[in-house]
$ cat input.txt   # compact mmCIF, C-alpha atoms
# COMPACT_ATOMS: atom_id res chain seq x y z
CA MET A 158 -9.44 36.43 -25.97
CA THR A 159 -9.91 32.73 -26.69
CA SER A 160 -11.09 32.06 -30.22
CA SER A 161 -14.30 30.13 -30.83
CA ALA A 162 -12.27 27.45 -32.63
CA SER A 163 -10.57 26.53 -29.34
CA GLN A 164 -13.78 26.45 -27.31
CA PRO A 165 -15.05 23.02 -26.24
CA PRO A 166 -17.59 21.57 -28.69
CA TRP A 167 -20.49 21.81 -26.22
CA THR A 168 -20.41 25.59 -26.41
CA GLN A 169 -21.27 25.41 -30.12
CA ALA A 170 -24.87 25.54 -31.41
CA ASP A 171 -24.51 22.60 -33.82
CA TRP A 172 -23.19 20.30 -31.07
CA LEU A 173 -26.00 21.32 -28.73
CA GLU A 174 -28.56 20.61 -31.45
CA ARG A 175 -27.17 17.10 -31.92
CA ALA A 176 -27.12 16.46 -28.18
CA VAL A 177 -30.69 17.68 -27.72
CA ALA A 178 -31.83 15.51 -30.63
CA TRP A 179 -30.23 12.44 -29.00
CA ILE A 180 -31.76 13.28 -25.63
CA SER A 181 -35.21 13.72 -27.21
CA ALA A 182 -34.95 10.41 -29.05
CA GLU A 183 -33.90 8.53 -25.90
CA LEU A 184 -36.66 10.09 -23.80
CA ALA A 185 -39.20 9.14 -26.47
CA ARG A 186 -37.86 5.58 -26.50
CA LEU A 187 -38.30 5.45 -22.74
CA ASP A 188 -41.75 7.06 -22.91
CA ILE A 189 -40.60 9.98 -20.75
CA ALA A 190 -42.15 13.35 -21.52
CA ALA A 191 -39.97 16.47 -21.49
CA ALA A 192 -41.49 19.31 -19.47
CA GLY A 193 -39.52 22.48 -20.11
CA ASP A 194 -36.40 24.05 -21.52
CA ILE A 195 -33.07 22.25 -21.33
CA GLU A 196 -30.44 24.07 -19.25
CA GLN A 197 -26.63 23.79 -19.29
CA PRO A 198 -25.56 24.27 -15.65
CA HIS A 199 -22.06 22.79 -15.95
CA VAL A 200 -19.45 23.63 -18.60
CA ARG A 201 -15.83 22.53 -18.27
CA PRO A 202 -13.14 22.13 -20.92
CA TRP A 203 -13.36 18.33 -20.47
CA SER A 204 -17.12 17.81 -19.89
CA THR A 205 -20.54 19.37 -19.78
CA VAL A 206 -23.90 18.61 -18.16
CA LEU A 207 -27.38 19.43 -19.42
CA ARG A 208 -30.42 19.45 -17.12
CA VAL A 209 -33.61 18.15 -18.73
CA PRO A 210 -36.91 18.72 -16.88
CA THR A 211 -39.46 15.94 -17.38
CA ALA A 212 -42.89 15.08 -16.05
CA ASP A 213 -41.20 12.56 -13.72
CA GLY A 214 -38.46 14.90 -12.46
CA ALA A 215 -35.19 16.13 -13.91
CA VAL A 216 -32.80 13.92 -15.84
CA TYR A 217 -29.19 14.81 -16.56
CA PHE A 218 -27.13 14.43 -19.70
CA LYS A 219 -23.32 14.37 -19.53
CA ALA A 220 -20.77 14.55 -22.33
CA CYS A 221 -17.01 13.99 -22.00
CA THR A 222 -13.93 14.62 -24.13
CA PRO A 223 -12.58 11.58 -26.03
CA LEU A 224 -9.94 10.84 -23.36
CA LEU A 225 -12.68 10.58 -20.74
CA ALA A 226 -15.30 8.99 -22.99
CA TYR A 227 -14.98 5.69 -21.10
CA GLU A 228 -17.15 7.15 -18.31
CA PRO A 229 -20.63 6.34 -19.77
CA ALA A 230 -19.84 2.66 -20.37
CA LEU A 231 -18.14 2.42 -16.99
CA VAL A 232 -21.06 4.03 -15.17
CA GLU A 233 -23.53 1.76 -16.96
CA MET A 234 -21.51 -1.27 -15.84
CA LEU A 235 -21.38 0.06 -12.27
CA TYR A 236 -25.12 0.70 -12.23
CA ARG A 237 -25.83 -2.86 -13.37
CA ALA A 238 -23.47 -4.29 -10.75
CA HIS A 239 -24.32 -1.92 -7.86
CA PRO A 240 -27.66 -0.19 -8.51
CA ASP A 241 -27.90 0.74 -4.83
CA GLN A 242 -24.81 2.98 -5.11
CA ILE A 243 -25.14 4.56 -8.58
CA PRO A 244 -27.91 6.85 -9.91
CA ARG A 245 -30.12 5.11 -12.46
CA VAL A 246 -28.65 5.16 -15.96
CA LEU A 247 -31.26 5.73 -18.65
CA ALA A 248 -29.14 5.66 -21.82
CA THR A 249 -25.54 5.80 -23.01
CA ASP A 250 -23.68 6.41 -26.26
CA PRO A 251 -20.12 5.29 -25.44
CA GLU A 252 -18.86 6.18 -28.92
CA GLN A 253 -19.70 9.84 -28.34
CA GLY A 254 -19.05 9.82 -24.60
CA TRP A 255 -22.68 10.64 -23.75
CA MET A 256 -24.98 9.40 -20.99
CA LEU A 257 -28.39 10.19 -19.55
CA MET A 258 -29.18 9.62 -15.86
CA VAL A 259 -31.99 10.34 -13.44
CA ASP A 260 -31.61 13.05 -10.80
CA GLY A 261 -29.94 11.48 -7.78
CA GLY A 262 -31.51 13.90 -5.29
CA THR A 263 -29.77 16.12 -2.76
CA ARG A 264 -26.00 16.33 -2.70
CA LEU A 265 -24.25 15.23 0.48
CA ARG A 266 -22.40 18.57 0.57
CA GLU A 267 -25.53 20.56 1.35
CA VAL A 268 -26.66 18.03 3.95
CA ILE A 269 -23.38 17.57 5.82
CA ARG A 270 -22.61 21.28 5.97
CA ALA A 271 -26.00 21.76 7.62
CA ASP A 272 -26.14 18.80 10.03
CA ARG A 273 -22.32 18.42 10.49
CA ASP A 274 -22.81 14.69 10.97
CA LEU A 275 -19.64 12.66 10.38
CA ASN A 276 -21.76 9.51 10.45
CA HIS A 277 -22.67 10.07 6.80
CA TRP A 278 -19.10 9.23 5.82
CA GLU A 279 -18.88 6.48 8.45
CA ARG A 280 -21.87 4.80 6.81
CA LEU A 281 -20.95 5.29 3.17
CA LEU A 282 -17.23 4.46 3.23
CA PRO A 283 -17.66 0.77 4.19
CA ARG A 284 -20.29 0.43 1.45
CA TYR A 285 -17.87 1.98 -1.02
CA ALA A 286 -15.17 -0.43 0.17
CA GLU A 287 -17.50 -3.39 -0.42
CA MET A 288 -18.09 -2.16 -3.98
CA GLN A 289 -14.34 -1.87 -4.51
CA ILE A 290 -13.81 -5.39 -3.17
CA ASP A 291 -16.34 -6.72 -5.67
CA LEU A 292 -14.74 -4.72 -8.50
CA ALA A 293 -11.27 -6.01 -7.59
CA GLY A 294 -12.31 -9.21 -9.35
CA ARG A 295 -13.27 -7.26 -12.49
CA THR A 296 -10.15 -5.21 -13.20
CA GLU A 297 -9.70 -6.62 -16.70
CA GLN A 298 -13.27 -5.65 -17.54
CA LEU A 299 -12.72 -2.16 -16.13
CA LEU A 300 -9.56 -1.73 -18.18
CA ALA A 301 -11.31 -3.01 -21.30
CA LEU A 302 -13.98 -0.35 -20.81
CA GLY A 303 -11.21 2.27 -20.92
CA ALA A 304 -10.55 3.04 -17.26
CA PRO A 305 -6.92 4.24 -17.04
CA ASP A 306 -4.38 1.83 -15.60
CA ARG A 307 -2.74 3.40 -12.56
CA ARG A 308 -1.90 0.23 -10.68
CA PRO A 309 1.36 0.58 -8.72
CA ALA A 310 3.70 -0.45 -11.56
CA ALA A 311 1.96 1.89 -14.00
CA LEU A 312 1.83 4.65 -11.39
CA ALA A 313 5.62 4.56 -10.95
CA ARG A 314 6.19 4.62 -14.70
CA LEU A 315 3.69 7.41 -15.43
CA ALA A 316 4.81 9.56 -12.52
CA GLY A 317 8.38 9.16 -13.74
CA GLN A 318 7.33 10.33 -17.20
CA LEU A 319 5.73 13.46 -15.76
CA LEU A 320 8.89 14.16 -13.80
CA GLU A 321 10.78 14.19 -17.09
CA ASN A 322 8.56 17.02 -18.36
CA PRO A 323 9.38 20.35 -16.71
CA ASP A 324 6.74 22.11 -18.83
CA VAL A 325 3.93 20.05 -17.29
CA LEU A 326 5.26 20.82 -13.80
CA LEU A 327 5.58 24.53 -14.67
CA VAL A 328 9.14 24.57 -13.38
CA GLY A 329 10.25 28.12 -12.64
CA LYS A 330 6.73 29.53 -13.15
CA SER A 331 4.79 31.42 -10.49
CA ASP A 332 2.11 28.71 -10.30
CA GLY A 333 4.55 25.82 -10.68
CA MET A 334 7.47 24.40 -8.77
CA SER A 335 10.92 25.80 -8.17
CA PRO A 336 13.94 24.32 -9.99
CA GLU A 337 15.25 23.15 -6.60
CA THR A 338 12.03 21.27 -5.81
CA TYR A 339 12.05 19.80 -9.31
CA ARG A 340 15.59 18.47 -8.83
CA LYS A 341 14.62 17.02 -5.47
CA LEU A 342 11.63 15.20 -6.97
CA ARG A 343 13.68 13.89 -9.89
CA GLY A 344 16.07 12.44 -7.33
CA LEU A 345 13.17 10.64 -5.65
CA THR A 346 12.20 8.69 -8.77
CA PRO A 347 13.83 5.45 -7.46
CA ALA A 348 12.07 5.94 -4.10
CA ILE A 349 8.72 6.34 -5.85
CA ALA A 350 9.32 3.10 -7.76
CA ASP A 351 10.27 1.31 -4.52
CA GLN A 352 7.17 2.59 -2.70
CA CYS A 353 5.01 1.43 -5.61
CA ARG A 354 6.59 -2.03 -5.46
CA GLN A 355 5.83 -2.20 -1.75
CA LEU A 356 2.23 -1.20 -2.38
CA ALA A 357 1.86 -3.76 -5.16
CA ASP A 358 3.04 -6.49 -2.76
CA CYS A 359 0.91 -5.39 0.20
CA GLY A 360 -1.83 -8.01 -0.24
CA VAL A 361 -4.66 -5.60 -1.11
CA PRO A 362 -5.72 -6.06 -4.75
CA PRO A 363 -6.10 -3.17 -7.20
CA SER A 364 -9.63 -2.01 -7.88
CA LEU A 365 -11.59 0.97 -9.12
CA ASN A 366 -10.69 4.28 -7.52
CA HIS A 367 -13.38 6.94 -7.95
CA GLY A 368 -10.68 9.59 -8.17
CA ASP A 369 -12.81 12.52 -7.01
CA LEU A 370 -14.75 11.19 -4.03
CA HIS A 371 -15.93 14.40 -2.38
CA ASP A 372 -19.30 15.35 -0.93
CA ALA A 373 -20.46 17.21 -4.05
CA ASN A 374 -20.16 13.97 -6.05
CA ILE A 375 -22.41 12.01 -3.70
CA PHE A 376 -26.20 12.11 -3.57
CA ILE A 377 -28.03 11.26 -0.38
CA ASP A 378 -31.49 9.71 -0.47
CA GLY A 379 -32.60 8.62 2.99
CA ASP A 380 -30.04 6.04 4.11
CA ASP A 381 -28.71 5.58 0.57
CA TYR A 382 -25.65 7.26 -0.89
CA LEU A 383 -25.25 7.38 -4.66
CA LEU A 384 -21.85 8.09 -6.21
CA PHE A 385 -21.59 9.97 -9.48
CA ASP A 386 -19.02 11.78 -11.67
CA TRP A 387 -16.62 8.89 -12.36
CA GLY A 388 -14.62 10.81 -14.99
CA ASP A 389 -11.46 10.80 -12.83
CA SER A 390 -11.68 7.11 -12.00
CA SER A 391 -8.90 4.62 -12.63
CA VAL A 392 -7.82 1.09 -11.84
CA SER A 393 -5.34 1.71 -9.05
CA HIS A 394 -4.78 1.00 -5.40
CA PRO A 395 -8.25 1.29 -3.86
CA PHE A 396 -7.04 3.20 -0.80
CA PHE A 397 -6.11 6.20 -2.99
CA SER A 398 -9.82 7.07 -2.93
CA LEU A 399 -9.70 8.47 0.57
CA ARG A 400 -7.31 11.33 -0.24
CA THR A 401 -10.09 13.43 -1.78
CA ALA A 402 -12.68 12.15 0.69
CA PHE A 403 -10.57 13.34 3.62
CA VAL A 404 -9.99 16.75 2.03
CA SER A 405 -13.75 17.02 1.57
CA VAL A 406 -14.41 16.14 5.22
CA GLU A 407 -11.74 18.56 6.41
CA ILE A 408 -13.29 21.44 4.45
CA SER A 409 -16.99 20.75 5.01
CA LEU A 410 -16.67 19.99 8.73
CA GLN A 411 -13.80 22.44 9.30
CA LEU A 412 -11.61 19.81 10.94
CA ALA A 413 -7.94 20.26 11.68
CA GLU A 414 -5.51 18.20 9.64
CA GLY A 415 -4.84 14.96 11.53
CA ALA A 416 -7.96 15.27 13.70
CA PRO A 417 -9.03 12.00 15.41
CA GLU A 418 -12.17 11.89 13.26
CA PHE A 419 -10.01 10.84 10.31
CA ASP A 420 -8.85 7.73 12.19
CA ARG A 421 -12.51 6.82 12.75
CA LEU A 422 -13.24 7.15 9.05
CA ARG A 423 -10.09 5.26 8.06
CA ASP A 424 -11.01 2.35 10.35
CA ALA A 425 -14.62 2.28 9.12
CA TYR A 426 -13.38 2.13 5.53
CA LEU A 427 -10.73 -0.51 6.26
CA GLU A 428 -13.02 -2.89 8.18
CA PRO A 429 -14.35 -4.69 5.04
CA TRP A 430 -10.76 -5.13 3.84
CA THR A 431 -9.90 -7.28 6.88
CA ARG A 432 -10.78 -10.29 4.74
CA PHE A 433 -7.40 -9.62 3.04
CA LEU A 434 -5.16 -8.45 5.91
CA PRO A 435 -5.29 -7.91 9.69
CA ALA A 436 -6.29 -4.43 10.83
CA ALA A 437 -2.75 -3.40 11.83
CA ALA A 438 -1.34 -4.38 8.42
CA LEU A 439 -4.18 -2.51 6.70
CA ARG A 440 -3.39 0.66 8.63
CA SER A 441 0.25 0.39 7.60
CA THR A 442 -0.76 -0.15 3.97
CA PHE A 443 -3.16 2.76 4.18
CA ALA A 444 -0.34 5.03 5.41
CA LEU A 445 1.84 4.04 2.45
CA ALA A 446 -1.04 4.48 -0.02
CA SER A 447 -1.81 7.90 1.46
CA ARG A 448 1.75 9.06 0.78
CA LEU A 449 1.50 7.96 -2.85
CA SER A 450 -2.08 9.09 -3.50
CA PRO A 451 -1.20 12.65 -4.65
CA LEU A 452 0.69 11.12 -7.59
CA CYS A 453 -2.45 9.28 -8.73
CA SER A 454 -4.42 12.54 -8.48
CA ALA A 455 -1.72 14.36 -10.47
CA LEU A 456 -2.03 11.77 -13.23
CA SER A 457 -5.81 12.23 -13.26
CA TRP A 458 -5.42 15.98 -13.74
CA HIS A 459 -2.85 15.47 -16.50
CA HIS A 460 -5.09 12.95 -18.24
CA ALA A 461 -8.11 15.30 -18.09
CA ILE A 462 -6.39 18.38 -19.49
CA SER A 463 -3.70 16.90 -21.75
CA ALA A 464 -5.87 16.76 -24.87
CA VAL A 465 -7.68 20.06 -24.25
CA ASP A 466 -6.59 23.34 -25.84
CA ARG A 467 -4.01 24.80 -23.46
CA SER A 468 -5.69 28.20 -23.49
CA LEU A 469 -8.73 26.64 -21.83
CA VAL A 470 -6.93 24.88 -18.98
CA THR A 471 -4.39 27.44 -17.77
CA GLU A 472 -6.23 27.88 -14.48
CA TYR A 473 -6.11 24.11 -13.81
CA ALA A 474 -2.50 23.39 -14.81
CA GLY A 475 -1.13 24.38 -11.39
CA ALA A 476 -2.87 21.40 -9.79
CA ILE A 477 -0.26 18.99 -11.19
CA PRO A 478 2.87 20.57 -9.65
CA GLY A 479 0.83 21.24 -6.50
CA LEU A 480 0.11 17.54 -6.11
CA PHE A 481 3.75 16.61 -6.63
CA GLN A 482 4.60 19.12 -3.90
CA GLU A 483 2.02 17.42 -1.67
CA TYR A 484 3.75 14.09 -2.29
CA LEU A 485 7.07 15.65 -1.30
CA ASP A 486 5.60 17.16 1.86
CA LEU A 487 4.10 13.82 2.90
CA GLN A 488 7.47 12.10 2.55
CA ALA A 489 9.05 14.74 4.77
CA SER A 490 6.29 14.31 7.38
CA ALA A 491 6.67 10.53 7.37
CA ALA A 492 10.42 10.82 7.87
CA ALA A 493 10.11 13.32 10.74

$ encode --input "input.txt" --output "structure tokens"
Amino acid sequence: MTSSASQPPWTQADWLERAVAWISAELARLDIAAAGDIEQPHVRPWSTVLRVPTADGAVYFKACTPLLAYEPALVEMLYRAHPDQIPRVLATDPEQGWMLMVDGGTRLREVIRADRDLNHWERLLPRYAEMQIDLAGRTEQLLALGAPDRRPAALARLAGQLLENPDVLLVGKSDGMSPETYRKLRGLTPAIADQCRQLADCGVPPSLNHGDLHDANIFIDGDDYLLFDWGDSSVSHPFFSLRTAFVSVEISLQLAEGAPEFDRLRDAYLEPWTRFLPAAALRSTFALASRLSPLCSALSWHHAISAVDRSLVTEYAGAIPGLFQEYLDLQASAAA
């Protein structure tokens, strides 16, 4: 059994008391009246969420581990720059990794699984692309706020470092990769570096990648779509964002892998980027980015769990070797 000492701080009474005191002080400052008991609907080793009922509707408090504590300041910056795409931020404490936001409404997941309307993604992806294009001119600010650097050069270096660590990849373990697969991936380190160089030279600038852009991290309010949960975000190639989005579409709409609907969504997303490259060149760049995107996701998982007690993240550790296997499979498919 896991000892209480290794439990995340937000499961401890003293931490909850401090968090509730901060929430109460911020609500009082904003002249918002609490209207019921605070609930804790989300507990993960790397973050937690508290739901706070008020007279004006629920507000949500989020806390992150120190490695992810850049999220509140980042989200506040995003809300100021793009208030039409981010739920309203009420208060932040970047030093503690805390933020308070209004309820964004209904999640896209519940809506799209009921109406099965692909147009939701066709509408929101170009808007997301426009936000990324704007943020491409603010990468130094994003990095200064603490967003991890996973631009192509950094991606090659960091992926190479993970490939030097068989423990992280669970080599020889039931939920990890086989020694043969590990050797094959180690041999591909120069190819990964070459692909990253190609991506860096493609003509599409780095920007903010949400990192976990699925339909449960998007609120829908009429014709508006609000993006939340930016804890996996990084400064990287912007096209990496669509890996998780496509997985989300595939699951929620029960589409076959490679279905023509994905080409529709890709083209809708790429259209704003035509100010940088012609459509044909963008599709080629997108294909290259798609083959590299699992490595960015693997780095996000490693970043999230690396500073958390290992006993708390055993069930998540298999995601990292799984994503390296996905990279390997995509290279084989591209070569076929």

$ closest_residue --input "input.txt" --among "A:Leu356, A:Ala310, A:Leu427, A:Leu383" --to "Val259 of chain A" --atoms "only C-alpha atoms"
A:Leu383

$ closest_residue --input "input.txt" --among "A:Ala304, A:Ile269, A:Leu434, A:Leu412" --to "Ser391 of chain A" --atoms "all atoms listed in the file"
A:Ala304

$ residues_around --input "input.txt" --residues "Arg295 of chain A" --least-positions-apart "6" --cutoff "12 Å" --atoms "all atoms listed in the file" --output "VMD selection string"
chain A and resid 231 234 to 235 238 288 to 289 301 to 302 304 362 to 365 392

$ write_last_selection --input "input.txt" --atoms "C-alpha atoms" --output "PDB file, in the frame of the given file"
ATOM      1  CA  LEU A 231     -18.140   2.420 -16.990  1.00  0.00           C
ATOM      2  CA  MET A 234     -21.510  -1.270 -15.840  1.00  0.00           C
ATOM      3  CA  LEU A 235     -21.380   0.060 -12.270  1.00  0.00           C
ATOM      4  CA  ALA A 238     -23.470  -4.290 -10.750  1.00  0.00           C
ATOM      5  CA  MET A 288     -18.090  -2.160  -3.980  1.00  0.00           C
ATOM      6  CA  GLN A 289     -14.340  -1.870  -4.510  1.00  0.00           C
ATOM      7  CA  ALA A 301     -11.310  -3.010 -21.300  1.00  0.00           C
ATOM      8  CA  LEU A 302     -13.980  -0.350 -20.810  1.00  0.00           C
ATOM      9  CA  ALA A 304     -10.550   3.040 -17.260  1.00  0.00           C
ATOM     10  CA  PRO A 362      -5.720  -6.060  -4.750  1.00  0.00           C
ATOM     11  CA  PRO A 363      -6.100  -3.170  -7.200  1.00  0.00           C
ATOM     12  CA  SER A 364      -9.630  -2.010  -7.880  1.00  0.00           C
ATOM     13  CA  LEU A 365     -11.590   0.970  -9.120  1.00  0.00           C
ATOM     14  CA  VAL A 392      -7.820   1.090 -11.840  1.00  0.00           C
TER      15      VAL A 392
END

$ residues_around --input "input.txt" --residues "segment 219-222 of chain A" --least-positions-apart "2" --cutoff "8 Å" --atoms "only C-alpha atoms" --output "ChimeraX atom specification"
/A:203-207,217,224-226,228,253-257

$ atom_distance --input "input.txt" --atom1 "atom CA of Arg307 of chain A" --atom2 "atom CA of Ser393 of chain A"
4.7 Å

$ atom_distance --input "input.txt" --atom1 "atom CA of Ala357 of chain A" --atom2 "atom CA of Thr338 of chain A"
27.0 Å

$ build_atoms --input "input.txt" --residues "segment 244-254 of chain A" --atoms "all heavy atoms" --output "PDB file, in the coordinates of the input"
ATOM      1  N   PRO A 244     -26.623   6.377  -9.383  1.00  0.00           N
ATOM      2  CA  PRO A 244     -27.910   6.850  -9.910  1.00  0.00           C
ATOM      3  C   PRO A 244     -28.312   6.057 -11.156  1.00  0.00           C
ATOM      4  O   PRO A 244     -27.452   5.591 -11.921  1.00  0.00           O
ATOM      5  CB  PRO A 244     -27.615   8.316 -10.275  1.00  0.00           C
ATOM      6  CG  PRO A 244     -26.442   8.698  -9.437  1.00  0.00           C
ATOM      7  CD  PRO A 244     -25.620   7.448  -9.304  1.00  0.00           C
ATOM      8  N   ARG A 245     -29.602   5.920 -11.350  1.00  0.00           N
ATOM      9  CA  ARG A 245     -30.120   5.110 -12.460  1.00  0.00           C
ATOM     10  C   ARG A 245     -29.668   5.674 -13.810  1.00  0.00           C
ATOM     11  O   ARG A 245     -29.816   6.861 -14.087  1.00  0.00           O
ATOM     12  CB  ARG A 245     -31.640   5.065 -12.403  1.00  0.00           C
ATOM     13  CG  ARG A 245     -32.273   4.212 -13.499  1.00  0.00           C
ATOM     14  CD  ARG A 245     -33.783   4.301 -13.441  1.00  0.00           C
ATOM     15  NE  ARG A 245     -34.404   3.711 -14.617  1.00  0.00           N
ATOM     16  CZ  ARG A 245     -35.601   4.034 -15.077  1.00  0.00           C
ATOM     17  NH1 ARG A 245     -36.318   4.945 -14.436  1.00  0.00           N
ATOM     18  NH2 ARG A 245     -36.081   3.462 -16.147  1.00  0.00           N
ATOM     19  N   VAL A 246     -29.092   4.791 -14.616  1.00  0.00           N
ATOM     20  CA  VAL A 246     -28.650   5.160 -15.960  1.00  0.00           C
ATOM     21  C   VAL A 246     -29.784   4.870 -16.936  1.00  0.00           C
ATOM     22  O   VAL A 246     -30.284   3.746 -17.005  1.00  0.00           O
ATOM     23  CB  VAL A 246     -27.383   4.372 -16.356  1.00  0.00           C
ATOM     24  CG1 VAL A 246     -26.963   4.719 -17.779  1.00  0.00           C
ATOM     25  CG2 VAL A 246     -26.249   4.653 -15.379  1.00  0.00           C
ATOM     26  N   LEU A 247     -30.171   5.878 -17.700  1.00  0.00           N
ATOM     27  CA  LEU A 247     -31.260   5.730 -18.650  1.00  0.00           C
ATOM     28  C   LEU A 247     -30.766   5.341 -20.042  1.00  0.00           C
ATOM     29  O   LEU A 247     -31.407   4.547 -20.737  1.00  0.00           O
ATOM     30  CB  LEU A 247     -32.062   7.032 -18.757  1.00  0.00           C
ATOM     31  CG  LEU A 247     -32.784   7.482 -17.490  1.00  0.00           C
ATOM     32  CD1 LEU A 247     -33.393   8.865 -17.698  1.00  0.00           C
ATOM     33  CD2 LEU A 247     -33.870   6.481 -17.103  1.00  0.00           C
ATOM     34  N   ALA A 248     -29.651   5.914 -20.467  1.00  0.00           N
ATOM     35  CA  ALA A 248     -29.140   5.660 -21.820  1.00  0.00           C
ATOM     36  C   ALA A 248     -27.686   6.070 -21.886  1.00  0.00           C
ATOM     37  O   ALA A 248     -27.240   6.957 -21.153  1.00  0.00           O
ATOM     38  CB  ALA A 248     -29.951   6.435 -22.858  1.00  0.00           C
ATOM     39  N   THR A 249     -26.934   5.423 -22.769  1.00  0.00           N
ATOM     40  CA  THR A 249     -25.540   5.800 -23.010  1.00  0.00           C
ATOM     41  C   THR A 249     -25.242   5.720 -24.500  1.00  0.00           C
ATOM     42  O   THR A 249     -25.865   4.954 -25.239  1.00  0.00           O
ATOM     43  CB  THR A 249     -24.546   4.879 -22.265  1.00  0.00           C
ATOM     44  OG1 THR A 249     -24.697   3.537 -22.756  1.00  0.00           O
ATOM     45  CG2 THR A 249     -24.760   4.917 -20.769  1.00  0.00           C
ATOM     46  N   ASP A 250     -24.279   6.513 -24.927  1.00  0.00           N
ATOM     47  CA  ASP A 250     -23.680   6.410 -26.260  1.00  0.00           C
ATOM     48  C   ASP A 250     -22.175   6.460 -26.046  1.00  0.00           C
ATOM     49  O   ASP A 250     -21.558   7.527 -26.098  1.00  0.00           O
ATOM     50  CB  ASP A 250     -24.138   7.558 -27.166  1.00  0.00           C
ATOM     51  CG  ASP A 250     -23.641   7.398 -28.604  1.00  0.00           C
ATOM     52  OD1 ASP A 250     -22.612   6.727 -28.801  1.00  0.00           O
ATOM     53  OD2 ASP A 250     -24.263   7.961 -29.519  1.00  0.00           O
ATOM     54  N   PRO A 251     -21.552   5.301 -25.763  1.00  0.00           N
ATOM     55  CA  PRO A 251     -20.120   5.290 -25.440  1.00  0.00           C
ATOM     56  C   PRO A 251     -19.244   5.849 -26.551  1.00  0.00           C
ATOM     57  O   PRO A 251     -18.191   6.434 -26.283  1.00  0.00           O
ATOM     58  CB  PRO A 251     -19.831   3.800 -25.198  1.00  0.00           C
ATOM     59  CG  PRO A 251     -21.155   3.222 -24.806  1.00  0.00           C
ATOM     60  CD  PRO A 251     -22.165   3.972 -25.611  1.00  0.00           C
ATOM     61  N   GLU A 252     -19.670   5.685 -27.800  1.00  0.00           N
ATOM     62  CA  GLU A 252     -18.860   6.180 -28.920  1.00  0.00           C
ATOM     63  C   GLU A 252     -18.701   7.695 -28.854  1.00  0.00           C
ATOM     64  O   GLU A 252     -17.644   8.241 -29.176  1.00  0.00           O
ATOM     65  CB  GLU A 252     -19.505   5.756 -30.240  1.00  0.00           C
ATOM     66  CG  GLU A 252     -18.592   5.947 -31.435  1.00  0.00           C
ATOM     67  CD  GLU A 252     -19.144   5.300 -32.687  1.00  0.00           C
ATOM     68  OE1 GLU A 252     -19.568   4.126 -32.612  1.00  0.00           O
ATOM     69  OE2 GLU A 252     -19.149   5.968 -33.719  1.00  0.00           O
ATOM     70  N   GLN A 253     -19.757   8.387 -28.432  1.00  0.00           N
ATOM     71  CA  GLN A 253     -19.700   9.840 -28.340  1.00  0.00           C
ATOM     72  C   GLN A 253     -19.373  10.332 -26.930  1.00  0.00           C
ATOM     73  O   GLN A 253     -19.171  11.529 -26.725  1.00  0.00           O
ATOM     74  CB  GLN A 253     -21.027  10.452 -28.799  1.00  0.00           C
ATOM     75  CG  GLN A 253     -21.388  10.114 -30.237  1.00  0.00           C
ATOM     76  CD  GLN A 253     -22.377  11.106 -30.826  1.00  0.00           C
ATOM     77  OE1 GLN A 253     -22.017  12.228 -31.154  1.00  0.00           O
ATOM     78  NE2 GLN A 253     -23.628  10.685 -30.946  1.00  0.00           N
ATOM     79  N   GLY A 254     -19.321   9.412 -25.972  1.00  0.00           N
ATOM     80  CA  GLY A 254     -19.050   9.820 -24.600  1.00  0.00           C
ATOM     81  C   GLY A 254     -20.235  10.504 -23.955  1.00  0.00           C
ATOM     82  O   GLY A 254     -20.066  11.429 -23.157  1.00  0.00           O
TER      83      GLY A 254
END
